[in-house]
Amino acid sequence: MIKKVKSINNMGVFDGYRWPTGSTLSEFKRFNIIYGSNGSGKTTLSRLFQHLVSGVCEPFPDLKYTLESDTGAKKESNTGSIPIRVFNADYVRLNIGEIEGELIPIFIIGEDQKELQAQLVTQEKELQLRKENLNELTDKIEVLEKARGKEFTSIASQIGLATKGLTSRTYRKPQAESAYSKITEFKICSEEELIKLSLTAEQKQLDNIDEIELDSIESEVAAILIDSNRLLAATVEAIVIPRLKDNPDISQWVERGIALHNPESMCEFCGHTVTEDRLKSLAAHFNDADKALKDQLQNLISEYEKTLQELQGISLPSKLQFFDEFQEDFENYNTSLCEEINDLKKSLKSGKKMVEKKIGSRTEIMKFDIELDSTAFIKTLVQINQILKKHNDKSESFEEARTSASDQIEQHYLSTIQSEIEKYDTELAKSQADEKSVRDCNAETGQLSLDDLQAEIKRKRGLIANTQKAAEDLTRKLEIFLGRKELRFDPEGDGYRIYRKSVTAQGLSEGEKTAISFVYFSVQLEDQDFDKTNGVVVVDDPISSLDASSTYQAFAFLKEAVKDSKQVFLLTHNYDFLKLLLNWIMNIPKAGNNRSCFMLKANAASGGERRSTIAPLDKALMENGSEYVFLFKQVRDYVCDGSIENAYPMPNVIRKVLEQFLEFMCPTAESTYRKLEGIVFDSVKKTALNKYANDFSHPTGKGLDPSLVDETRNNAAHLLEMIQTVAPIHFANLNRN
């Protein structure tokens with residue numbers, strides 16, 4: 001076992017490290033837990049142990065060290081003197097990486113495999129023979145399919161020429177094959193039939209033409225005739241002024257002027273006074289009944305105008321839109337219709353003039369003697385619509401006939417290759433059946449399917465290579481670790497390859513890589529090349545990149561994997577994982593003096609560089625359920641200490657304590673700044689704390705500017721003062737540690 005790291009040189013944060021003299025630090029025991037925050041040197045320390053295995057440490061080629069073990073001092077030159085396995089970030093990178101190659105095999109099985117080897121030789125010969133047969137059949141099927149395809153390519157070209165212009169698509173082999181598969185009866189046409197079908201298929205189709213609406217004008221003309229006879233015969237009883245009666249034009253002029261005058265006002269025309277009696281006599285002349293008659297006459301005039309507009313708007317198609325046999329009849333009816341429209345328009349205009357005249361002679365009975373008859377007009381429209389219907393009927397049936405002709409042409413040409421296609425289909429069916437018999441299983445003969453045979457050969461190769469059992473164990477443990485069966489290890493060549501379902505795993509997440517590498521490491525500890533009961537196991541943060549739900553699985557695997565080891569070093573930065581480890585080793589039955597707990601402390605050295613030391617694990621970490629208590633203690637101790645060498649971790653520690661205290665006081669999703677605003681405390685000190693936490697908590701690996709030591713101490717004091725002021729009971733309980 002390793003007892004001490006007596007000295008380290010040329011190794012980063014441990015450069016110049018010396019194990020403290022006296023009894024301030026206990027020796028390493030069988031179970032050793034080492035806690036350290038990021039940047040404290042955990043990975044560097046794990047690389048020191050790894051050097052004992054490989055003799056190589058790339059980041060530190062000039063590494064020098066001395067270890068004290070139960071078999072004497074060990075130096076960097078004593079590679080391999082201690083059996084040791086190390087899990088750290090380098091292990092994940094070197095063994096897992098991007099999963100682009102084979103993993104190193106783990107040899108566990110040691111039984112004699114002669115019978116298995118004999119079975120494998122027989123199955124490999126069978127596989128080779130079946131593959132050769134399969135290749136021959138595959139080639140034959142390919143030749144037959146190409147020859148069959150050429151038949152369809154050739155006939156498709158002929159069909160395309162014969163039906164050119166019938167469709168917008170180009171007629172090719174796929175269309176010919178599809179049409180052939182749908183034929184229920186093959187038929188070859190005679191030459192005369194084919195010519196007739198071609199002529200039908202090549203004719204040009206004309207569009208349908210909308211028929212003309214008839215009801216509207218016919219009903220409107222009939223209504224106008226009725227209203228004209230009725231209103232011209234109507235009179236109104238009234239006091240008639242002779243001059244207005246005899247002069248309708250003057251009557252209309254006077255009627256419009258009444259509204260412009262009042263009793264005793266001046267006449268707008270002659271300038272004389274209009275008397276009240278005169279206005280009364282005029283009003284009597286133009287009474288309410290008379291106005292009603294006038295309004296009806298005006299409405300009738302509007303109906304005349306509307307009907308005239310409709311006649312004017314009648315539009316007929318061009319004769320060129322019709323099939324040839326309909327053009328002459330349409331042209332004759334079109335000429336007649338134009339004449340009838342003109343006659344009807346003349347009658348309507350004459351009728352309108354009579355109604356306008358009636359408006360000025362509403363006290364007289366007038367006879368409507370205009371002939372308004374739309375019968376001939378409507379009859380001609382009906383005859384035109386009949387021609388339109390004949391045209392449309394032919395257009396629709398014409399398309400069906402043309403399509404039918406095209407289909408028959410296609411059927412004719414496809415029927416000419418029927419015998420050849422049937423020969424190819426017969427040969428293909430036989431070859432495909434032979435191929436299936438080579439590829440598939442046969443229950444009667446006990447033949448495995450080709451896929452199953454290859455899988456069986458692979459399985460036996462894996463067993464013979466002493467890797468199959470390890471692969472199965474790896475897969476089973478990975479399934480438990482991840483809680484799903486998606487990933488697996490398969491033997492390949494002299495090692496393993498990781499698969500996601502049926503294909504090589506690609507794009508693994510960092511968590512998956514960590515899980516795979518740790519499971520792989522745990523099984524590797526059982527390898528014949530390593531006896532863990534006499535060896536040392538070093539594990540650095542196996543939960544890196546894992547989500548919280550996987551922490552317990554990682555712990556369970558770790559515990560099971562290392563419990564029988566001669567010596568164990570467990571390094572972590574995660575407090576929750578630390579508590580699991582402490583709870584385990586503190587409760588191992590009869591462990592007694594076989595356990596030790598340490599922590600790595602990173603301090604500032606000359607020039608602002610970091611130097612790490614190994615120290616006893618702080619009691620605040622061991623005795624409390626939260627890392628928060630330990631961090632608070634560090635802040636409190638630094639306020640009293642204030643030294644440059646202890647200042648390195650303080651910016652990060654102060655930030656963590658500030659964030660956790662604010663989370664305790666303000667459990668919301670707000671920013672640190674917003675939470676600080678809600679705390680009742682000195683605003684200047686709050687501002688200083690917020691700026692310090694944002695600006696000076698440094699990324700892992702950087703040093704600390706010595707000029708910030710005083711500011712660090714001041715802000716540590718501000719933080720303690722704020723906690724004590726805002727939550728005195730909380731502060732008192734924290735301060736007890």
# chains A, B, ... in the order shown; residues from 1 in each chain; ligands from 1
>>> select_by_dssp(residues="segment 376-608 of chain A", states="helix (DSSP H, G or I)", output="PyMOL selection string")
chain A and resi 376-415+418-439+450-464+468-482+510-524+532-534+548-562+575-586+606-608
>>> write_last_selection(atoms="C-alpha atoms", output="CSV table (one decimal), in the first residue's frame")
chain,number,residue,atom,x,y,z
A,376,ALA,CA,-88.7,36.1,-80.4
A,377,PHE,CA,-85.6,37.3,-78.4
A,378,ILE,CA,-86.0,34.5,-75.8
A,379,LYS,CA,-86.7,31.9,-78.4
A,380,THR,CA,-83.4,32.7,-80.2
A,381,LEU,CA,-81.5,32.6,-76.9
A,382,VAL,CA,-83.0,29.1,-76.2
A,383,GLN,CA,-81.8,27.9,-79.6
A,384,ILE,CA,-78.3,29.3,-78.9
A,385,ASN,CA,-78.2,27.5,-75.5
A,386,GLN,CA,-79.2,24.2,-77.3
A,387,ILE,CA,-76.2,24.6,-79.5
A,388,LEU,CA,-74.0,25.4,-76.5
A,389,LYS,CA,-75.2,22.2,-74.8
A,390,LYS,CA,-74.4,20.1,-77.9
A,391,HIS,CA,-70.9,21.6,-78.0
A,392,ASN,CA,-70.3,20.9,-74.2
A,393,ASP,CA,-71.7,17.3,-74.5
A,394,LYS,CA,-69.3,16.6,-77.3
A,395,SER,CA,-66.4,18.2,-75.4
A,396,GLU,CA,-66.9,16.0,-72.4
A,397,SER,CA,-67.4,12.7,-74.2
A,398,PHE,CA,-64.6,13.7,-76.6
A,399,GLU,CA,-62.1,13.6,-73.6
A,400,GLU,CA,-63.3,10.2,-72.5
A,401,ALA,CA,-62.9,8.9,-76.1
A,402,ARG,CA,-59.5,10.4,-76.4
A,403,THR,CA,-58.4,8.9,-73.0
A,404,SER,CA,-59.8,5.5,-74.0
A,405,ALA,CA,-57.9,5.6,-77.3
A,406,SER,CA,-54.7,6.5,-75.5
A,407,ASP,CA,-55.2,3.6,-73.0
A,408,GLN,CA,-55.8,1.1,-75.8
A,409,ILE,CA,-52.7,2.3,-77.6
A,410,GLU,CA,-50.7,1.7,-74.4
A,411,GLN,CA,-52.3,-1.7,-73.9
A,412,HIS,CA,-51.4,-2.7,-77.5
A,413,TYR,CA,-47.7,-2.0,-77.2
A,414,LEU,CA,-47.4,-3.6,-73.7
A,415,SER,CA,-49.1,-6.7,-75.1
A,418,GLN,CA,-46.0,-10.1,-72.8
A,419,SER,CA,-44.2,-13.3,-73.8
A,420,GLU,CA,-40.7,-12.0,-73.1
A,421,ILE,CA,-41.7,-10.5,-69.8
A,422,GLU,CA,-43.3,-13.7,-68.7
A,423,LYS,CA,-40.0,-15.6,-69.4
A,424,TYR,CA,-38.0,-13.1,-67.3
A,425,ASP,CA,-40.5,-13.3,-64.5
A,426,THR,CA,-40.3,-17.1,-64.4
A,427,GLU,CA,-36.5,-17.1,-64.2
A,428,LEU,CA,-36.5,-14.3,-61.6
A,429,ALA,CA,-39.0,-16.1,-59.4
A,430,LYS,CA,-36.8,-19.2,-59.3
A,431,SER,CA,-33.6,-17.3,-58.7
A,432,GLN,CA,-35.2,-15.2,-55.9
A,433,ALA,CA,-36.6,-18.4,-54.3
A,434,ASP,CA,-33.1,-19.9,-54.4
A,435,GLU,CA,-31.6,-16.7,-52.9
A,436,LYS,CA,-34.2,-16.8,-50.1
A,437,SER,CA,-33.3,-20.5,-49.3
A,438,VAL,CA,-29.6,-19.5,-49.0
A,439,ARG,CA,-30.4,-16.5,-46.8
A,450,LEU,CA,-27.5,-16.0,-42.8
A,451,ASP,CA,-27.8,-13.2,-40.3
A,452,ASP,CA,-28.1,-15.6,-37.3
A,453,LEU,CA,-25.2,-17.6,-38.6
A,454,GLN,CA,-23.0,-14.5,-38.8
A,455,ALA,CA,-24.2,-13.5,-35.3
A,456,GLU,CA,-23.4,-17.0,-34.0
A,457,ILE,CA,-19.9,-16.9,-35.5
A,458,LYS,CA,-19.3,-13.5,-34.1
A,459,ARG,CA,-20.5,-14.7,-30.7
A,460,LYS,CA,-18.2,-17.7,-30.7
A,461,ARG,CA,-15.3,-15.6,-32.0
A,462,GLY,CA,-15.9,-13.4,-29.0
A,463,LEU,CA,-15.9,-16.3,-26.6
A,464,ILE,CA,-12.7,-17.7,-28.1
A,468,GLN,CA,-17.7,-12.0,-25.1
A,469,LYS,CA,-18.4,-12.5,-21.4
A,470,ALA,CA,-16.8,-9.2,-20.6
A,471,ALA,CA,-18.9,-7.5,-23.4
A,472,GLU,CA,-22.1,-9.0,-22.0
A,473,ASP,CA,-21.1,-7.9,-18.5
A,474,LEU,CA,-20.3,-4.4,-19.7
A,475,THR,CA,-23.6,-4.1,-21.6
A,476,ARG,CA,-25.6,-5.4,-18.6
A,477,LYS,CA,-24.0,-2.9,-16.2
A,478,LEU,CA,-24.3,0.0,-18.7
A,479,GLU,CA,-28.0,-0.8,-18.9
A,480,ILE,CA,-28.4,-0.6,-15.1
A,481,PHE,CA,-26.3,2.5,-15.0
A,482,LEU,CA,-28.2,4.4,-17.7
A,510,GLU,CA,-20.5,13.7,-22.2
A,511,GLY,CA,-22.7,11.9,-19.6
A,512,GLU,CA,-22.9,8.8,-21.8
A,513,LYS,CA,-19.1,8.8,-22.3
A,514,THR,CA,-18.5,9.1,-18.6
A,515,ALA,CA,-21.0,6.3,-17.9
A,516,ILE,CA,-19.5,4.0,-20.5
A,517,SER,CA,-15.9,4.7,-19.4
A,518,PHE,CA,-16.7,4.1,-15.7
A,519,VAL,CA,-18.6,0.9,-16.4
A,520,TYR,CA,-15.7,-0.2,-18.6
A,521,PHE,CA,-13.2,0.6,-15.8
A,522,SER,CA,-15.2,-1.3,-13.2
A,523,VAL,CA,-15.3,-4.5,-15.4
A,524,GLN,CA,-11.6,-4.0,-16.3
A,532,LYS,CA,-7.4,-5.9,-7.3
A,533,THR,CA,-7.1,-7.8,-4.0
A,534,ASN,CA,-3.4,-7.0,-4.2
A,548,ALA,CA,-28.0,14.2,-10.5
A,549,SER,CA,-30.1,11.1,-11.2
A,550,SER,CA,-27.0,9.1,-12.1
A,551,THR,CA,-25.0,10.0,-8.9
A,552,TYR,CA,-26.4,7.0,-6.9
A,553,GLN,CA,-25.7,4.6,-9.8
A,554,ALA,CA,-22.2,5.8,-10.1
A,555,PHE,CA,-21.7,5.4,-6.3
A,556,ALA,CA,-23.2,1.9,-6.4
A,557,PHE,CA,-20.8,0.9,-9.2
A,558,LEU,CA,-17.9,2.5,-7.5
A,559,LYS,CA,-18.6,0.8,-4.2
A,560,GLU,CA,-19.1,-2.6,-5.7
A,561,ALA,CA,-16.1,-2.3,-8.0
A,562,VAL,CA,-13.5,-1.3,-5.3
A,575,TYR,CA,-20.1,17.5,-1.9
A,576,ASP,CA,-23.2,15.3,-2.4
A,577,PHE,CA,-20.9,12.5,-3.7
A,578,LEU,CA,-18.5,13.2,-0.8
A,579,LYS,CA,-21.3,12.6,1.7
A,580,LEU,CA,-22.2,9.2,0.0
A,581,LEU,CA,-18.5,8.2,0.2
A,582,LEU,CA,-18.1,9.3,3.8
A,583,ASN,CA,-21.3,7.5,4.8
A,584,TRP,CA,-20.0,4.3,3.2
A,585,ILE,CA,-16.5,4.1,4.6
A,586,MET,CA,-17.6,5.3,8.0
A,606,SER,CA,4.9,34.0,-4.8
A,607,GLY,CA,4.0,35.7,-8.0
A,608,GLY,CA,0.4,34.9,-7.6
>>> select_by_dssp(residues="segment 262-477 of chain A", states="strand (DSSP E or B)", output="ChimeraX atom specification")
/A:266,273,442,447
>>> write_last_selection(atoms="C-alpha atoms", output="PDB file, in the first residue's frame")
ATOM      1  CA  MET A 266     -90.401  87.916 -54.040  1.00  0.00           C
ATOM      2  CA  THR A 273     -94.617  89.323 -54.558  1.00  0.00           C
ATOM      3  CA  ASN A 442     -34.553 -24.027 -42.586  1.00  0.00           C
ATOM      4  CA  GLN A 447     -29.938 -24.331 -41.121  1.00  0.00           C
TER       5      GLN A 447
END
>>> closest_residue(among="A:Phe87, A:Tyr65, A:Tyr496, A:Phe152", to="Val536 of chain A", atoms="only C-alpha atoms")
A:Phe87
>>> residues_around(residues="Glu218 of chain A", least_positions_apart="4", cutoff="12 Å", atoms="only C-alpha atoms", output="VMD selection string")
chain A and resid 213 to 214 222 to 225 307 310 to 311 344 372 to 379 381 to 382
>>> closest_residue(among="A:Leu546, A:Ser565, A:Lys358, A:Asp531", to="Ser509 of chain A", atoms="only C-alpha atoms")
A:Leu546
>>> closest_residue(among="A:Glu76, A:Glu325, A:Asp62, A:Asp369", to="Leu48 of chain A", atoms="only C-alpha atoms")
A:Glu76
>>> residues_around(residues="Val684 of chain A", least_positions_apart="6", cutoff="12 Å", atoms="only C-alpha atoms", output="PyMOL selection string")
chain A and resi 676-677+690-691+715+718+722
